[in-house]
Amino acid sequence: MLETCGVTSPDELFAHLPEEVRLNRTLNLPPGISEYEIVEYFRSRASQCALGYASFLGAGVYNHFRPVLVDTVVSRGEFLTSYTPYQAEIAQGTLTAIFEFQTMICQLTGMDVANASMYDGSTAVPEAAMMAVRATGKARVLIAKSVHPEYREVLSTYAKHQAMPVAEFGYVAESGNLDLEDLESKMDALTGAVIIQTPNFFGIVEQVKAAAEIAHRHGALLIVVFTEAVSLGLLEPPADADIVAGELQSFAISPSYGGPYAGIIATKEKYIRQMPGRLVGQTTDSRGNRAFCLTLSTREQHIRREKATSNICTNQALIALMATVFMTVYGKQGLRELAEQNLAKAHYLAGKLKPRFSGKFFNEFVVRAEGKSPEEINKTLLKKKIIGGLPLGRFYPELADSMLLCATETTKRADMDALVEVQA
Amino acid sequence: MIKKVTTHLSQNEALLFERSSPGKKAYQLPELDVPAVDAAVALGAENVRQEIEGFPEISEVEAIRHFTRLSTWNYAIDYGMYPLGSCTMKYNPRINEVVARTEGLAWAHPYQPESLSQGCMQVMESLEAALAEICGMDAVTLQPAAGAHGELTGILLIRALLEKRGNPRQKILIPDSAHGTNPASAAIAGYAVESIKSSETGGVDLSALEQLVTGDVAALMVTNPNTLGVFENNIVRVAEILHKKGAMLYMDGANMNALVGIARPGDFGVDVMHLNLHKTFSTPHGGGGPGAGPVAVKKVLEPFLPTPRLKRAGKKLAFDYKRKHSIGRVKAYYGNFGVLVRALAYIQAHGGPGLRNATMDAVLNAVYIRKALEPYYDLPYQSPNMHEVVFSDSRQAKLGVRTGDIAKRLIDYGFHPYTVSFPMIVHGALMIEPTETEGKLEIDSFIDAMISIAHEIETDPRMVKNAPYNTRTSRVDEVTAARKPVLRWKPA
């Protein structure tokens, strides 16, 4: 090969690089190690993390069992080691799976169309907001304080330089629900999007219809966010929304210290051309057989450059595939039963404690720490190998005496009883 | 002659919804150990849905067959060479998959106490340090989820610094050879985009740059090596021109596989850059994600990096949330941690010398392909190439065969096509990047296929134009897909 290239050593292939740009030393990194040593290294890192703890953390990331079929499927090299399916003739596997994914997201959310996935829920929110602003021509965004605090932070980072002012509206102190009066009073003619989350960050099921009514009366779109996708097994789909932006981590995506996850954006038919991200569509091949391909790419950056609907290039195909397999395994009946188990566990736990808010909740709720601070309670729990709830003071100073507790189908009754003993 | 592949039976498969019938199931749930709850009472009857209309009901065997059958309709790196230029489709080591699933890491909750997350944080600290060393930069954020997300982050950092200096400026300069994400990201960061024409050799035209860099220009976004696979030999001068006017140099690190261990962007004047861990650092593309797009910066930009920042206090690592100059968050939590684990495993497996060797092999493979195909395909730019090479279809176009047709014919030979029609500065581009993964046997077989297609075009151009023939799906009608969008299944 060297001879064909006209050189005697590979180094000569770099001879054209100016001397001043070259690194004339080896990288200051340890020498390569074997597979065995790499496994050992990561095992040892894992041993410095929470192993063997029961956990009551939710707050946007949930512990659900991952059906074994999920890793069986996503470990197949044909899915794992393929590229974005531009060459439709040899990517029908990925394309078909994405088409099924888009369909199931529509069925779950009550929307007409869903894209092939976004990075995650947090980045789907600003993308949805930008979509609403484009669709309405009105730049102001109103977001509920009960939307995941980190999602709100991401929104404000994106919004800052796009002349997209963001304002927040509150929740009712007694119920934890949206403060609809506050929303109404903050609506104005410049507002293009209202963003709410259900179940909200406190776990409470929101009044989507009422929020939609207010948003629409003022000519704004309603964006409904979800972080706990399992809730959609039981909850009425947010069909009154114009855009749904959500996080699918609950669908067989391991918590993995915060990512990678997969977000979604789903919407009504009339907003298709405002959507960001990849879309897969059905068509035929030259023999007349059903086939799928990426489509409506004139919205996208590789065609439209700075005028694109988003700078997003790819989706989260493999993670979306995890969710697709999860939805397939549970199916119509299983997702409902799974949601019912989550509901039962959380309500068992809540029955032994006093939820701070009176609103209806799914698998998370807020409790006030009595006597001790949430941090002190968590310290005591850690000694019993239990990770308690999320202390809320960090995000909500007014709730500094409270924590957010989550129970899923994987939460054991004995652990809940142990938690109650410390809390009470 | 086609040697690499033979056709074989491929299973047909209906959509999930077409296979579905009531009562079939693929799941098991444990017995509830707490009393069941009436959903209508707990949630309010008005909040409880009827069934999820249309949702599939299939058995476990049907589920595994469904996805296995679908999988065989894909081409993949595991089947062979994937010469997509600018995509760096290298082998995805399976050790990465194993370690990413290590229980204490895969099941770490982002809000678990820092005292019980030290292992995760150490992985991040080690990766930040390794990437900073590889790039010759001072600090790294691992938060961005993908390359384009990294671009946006990088431009927001530049904006924050310039704002603090008194004027964020209005424009970002971008060469006409750049990836489409560059202008799209600059636009989201609130900048106008001005395109710079490439010079005759495909690089940045210094005199044009000198004129364009005014007090309005915030930065130049450059890809180096550029999308022709050519190293920007004037890069140090480019940086000087920008810096003299108070502007910054952003580097799109998509092509970093040409530089690791050979040259460091931080040493040649780059102020901020992103990396694509799913390209250079071997994490799987997965049919289009997940990726990770860490951003590396010089010290002057460090105060603006996204919150939180990893901070070491003696033996303990902690997250620092109180950073008053930060651009804020670009993503919830700390980044695509599972992808970060895989990238660190790749760096550990190679080590410093191994990474450099990989770069040399990647460049050797690309130069070898160039030499072998030069007699058959037009090479519009003669500058020495690095990890990829760009031909044009100008000879074949005279016979009516375009780059897209050659790409489709390549599929019949058992290869994934190269990147088609990009970069836009080359009319009818064939952009080929072999990566270091391929050995001589696979590359020679690719070269033979390309030469054979060149001959076919001379004797039977029409045949090539209708390829592929051997795939289960023949040429797909993308025009109708866009004209009459069918984006979800509906019952007939």
# chains A, B, ... in the order shown; residues from 1 in each chain; ligands from 1

call {"tool": "residues_around", "arguments": {"residues": "Ser392 of chain B", "least_positions_apart": "5", "cutoff": "9 Å", "atoms": "only C-alpha atoms", "output": "ChimeraX atom specification"}}
result
/B:377-380,403,421,426-431

call {"tool": "write_last_selection", "arguments": {"atoms": "C-alpha atoms", "output": "mmCIF file, in the first residue's frame"}}
result
data_model
loop_
_atom_site.group_PDB
_atom_site.id
_atom_site.type_symbol
_atom_site.label_atom_id
_atom_site.label_comp_id
_atom_site.auth_asym_id
_atom_site.auth_seq_id
_atom_site.Cartn_x
_atom_site.Cartn_y
_atom_site.Cartn_z
ATOM 1 C CA TYR B 377 -12.672 9.130 -11.751
ATOM 2 C CA ASP B 378 -12.053 12.852 -11.976
ATOM 3 C CA LEU B 379 -10.225 14.379 -9.034
ATOM 4 C CA PRO B 380 -11.194 18.041 -9.032
ATOM 5 C CA THR B 403 -22.823 10.210 -8.602
ATOM 6 C CA SER B 421 -23.215 15.149 -3.791
ATOM 7 C CA VAL B 426 -17.670 19.797 -6.045
ATOM 8 C CA HIS B 427 -20.253 19.233 -8.740
ATOM 9 C CA GLY B 428 -21.384 15.620 -8.574
ATOM 10 C CA ALA B 429 -19.177 14.693 -5.623
ATOM 11 C CA LEU B 430 -18.188 11.158 -4.586
ATOM 12 C CA MET B 431 -16.808 11.593 -1.077
#

call {"tool": "closest_atom_pairs", "arguments": {"of": "segment 57-140 of chain B", "to": "segment 259-265 of chain A", "cutoff": "12 Å", "atoms": "only C-alpha atoms", "output": "JSON lines"}}
result
{"residue": "B:Ala100", "atom": "CA", "partner": "A:Pro260", "partner_atom": "CA", "distance": 11.0}
{"residue": "B:Leu105", "atom": "CA", "partner": "A:Gly259", "partner_atom": "CA", "distance": 11.0}
{"residue": "B:Ala106", "atom": "CA", "partner": "A:Gly259", "partner_atom": "CA", "distance": 9.4}
{"residue": "B:Trp107", "atom": "CA", "partner": "A:Gly259", "partner_atom": "CA", "distance": 10.7}
{"residue": "B:Ala108", "atom": "CA", "partner": "A:Gly259", "partner_atom": "CA", "distance": 10.1}
{"residue": "B:His109", "atom": "CA", "partner": "A:Gly259", "partner_atom": "CA", "distance": 9.8}
{"residue": "B:Pro110", "atom": "CA", "partner": "A:Gly259", "partner_atom": "CA", "distance": 8.8}

call {"tool": "residues_around", "arguments": {"residues": "segment 174-190 of chain A", "least_positions_apart": "6", "cutoff": "6 Å", "atoms": "only C-alpha atoms", "output": "PyMOL selection string"}}
result
chain A and resi 138+140+357-359

call {"tool": "write_last_selection", "arguments": {"atoms": "C-alpha atoms", "output": "PDB file, in the first residue's frame"}}
result
ATOM      1  CA  LYS A 138     -45.656  35.438  17.856  1.00  0.00           C
ATOM      2  CA  ARG A 140     -43.322  35.181  23.448  1.00  0.00           C
ATOM      3  CA  PHE A 357     -50.387  18.689  47.235  1.00  0.00           C
ATOM      4  CA  SER A 358     -54.002  17.666  46.810  1.00  0.00           C
ATOM      5  CA  GLY A 359     -53.840  17.237  43.019  1.00  0.00           C
TER       6      GLY A 359
END

call {"tool": "closest_residue", "arguments": {"among": "A:Ala252, A:Ala215, A:Ala346, A:Val70", "to": "Lys360 of chain A", "atoms": "only C-alpha atoms"}}
result
A:Ala346

call {"tool": "residues_around", "arguments": {"residues": "segment 59-64 of chain B", "least_positions_apart": "6", "cutoff": "10 Å", "atoms": "only C-alpha atoms", "output": "PyMOL selection string"}}
result
(chain A and resi 69-70+72-73+325+328-331) or (chain B and resi 16+19-21+23-27+70)

call {"tool": "select_by_dssp", "arguments": {"residues": "segment 48-138 of chain A", "states": "helix (DSSP H, G or I)", "output": "VMD selection string"}}
result
chain A and resid 68 to 74 77 to 80 88 to 90 92 to 109 121 to 136

call {"tool": "residues_around", "arguments": {"residues": "segment 168-179 of chain B", "least_positions_apart": "4", "cutoff": "8 Å", "atoms": "only C-alpha atoms", "output": "ChimeraX atom specification"}}
result
/A:302 /B:159-164,183,186,191-198,204,215-223,226-227,423-425

call {"tool": "residues_around", "arguments": {"residues": "Arg299 of chain A", "least_positions_apart": "4", "cutoff": "12 Å", "atoms": "only C-alpha atoms", "output": "ChimeraX atom specification"}}
result
/A:131,271-279,294-295,303-313 /B:180,184,482

call {"tool": "residues_around", "arguments": {"residues": "segment 81-92 of chain B", "least_positions_apart": "3", "cutoff": "7 Å", "atoms": "only C-alpha atoms", "output": "number ranges by chain"}}
result
A: 81; B: 77, 227, 254-255, 279-280, 282-284, 388, 415-419, 431-435, 437-438, 442

call {"tool": "select_by_dssp", "arguments": {"residues": "segment 184-296 of chain A", "states": "strand (DSSP E)", "output": "ChimeraX atom specification"}}
result
/A:191-197,221-226,243-247,263-267,280-284,290-294
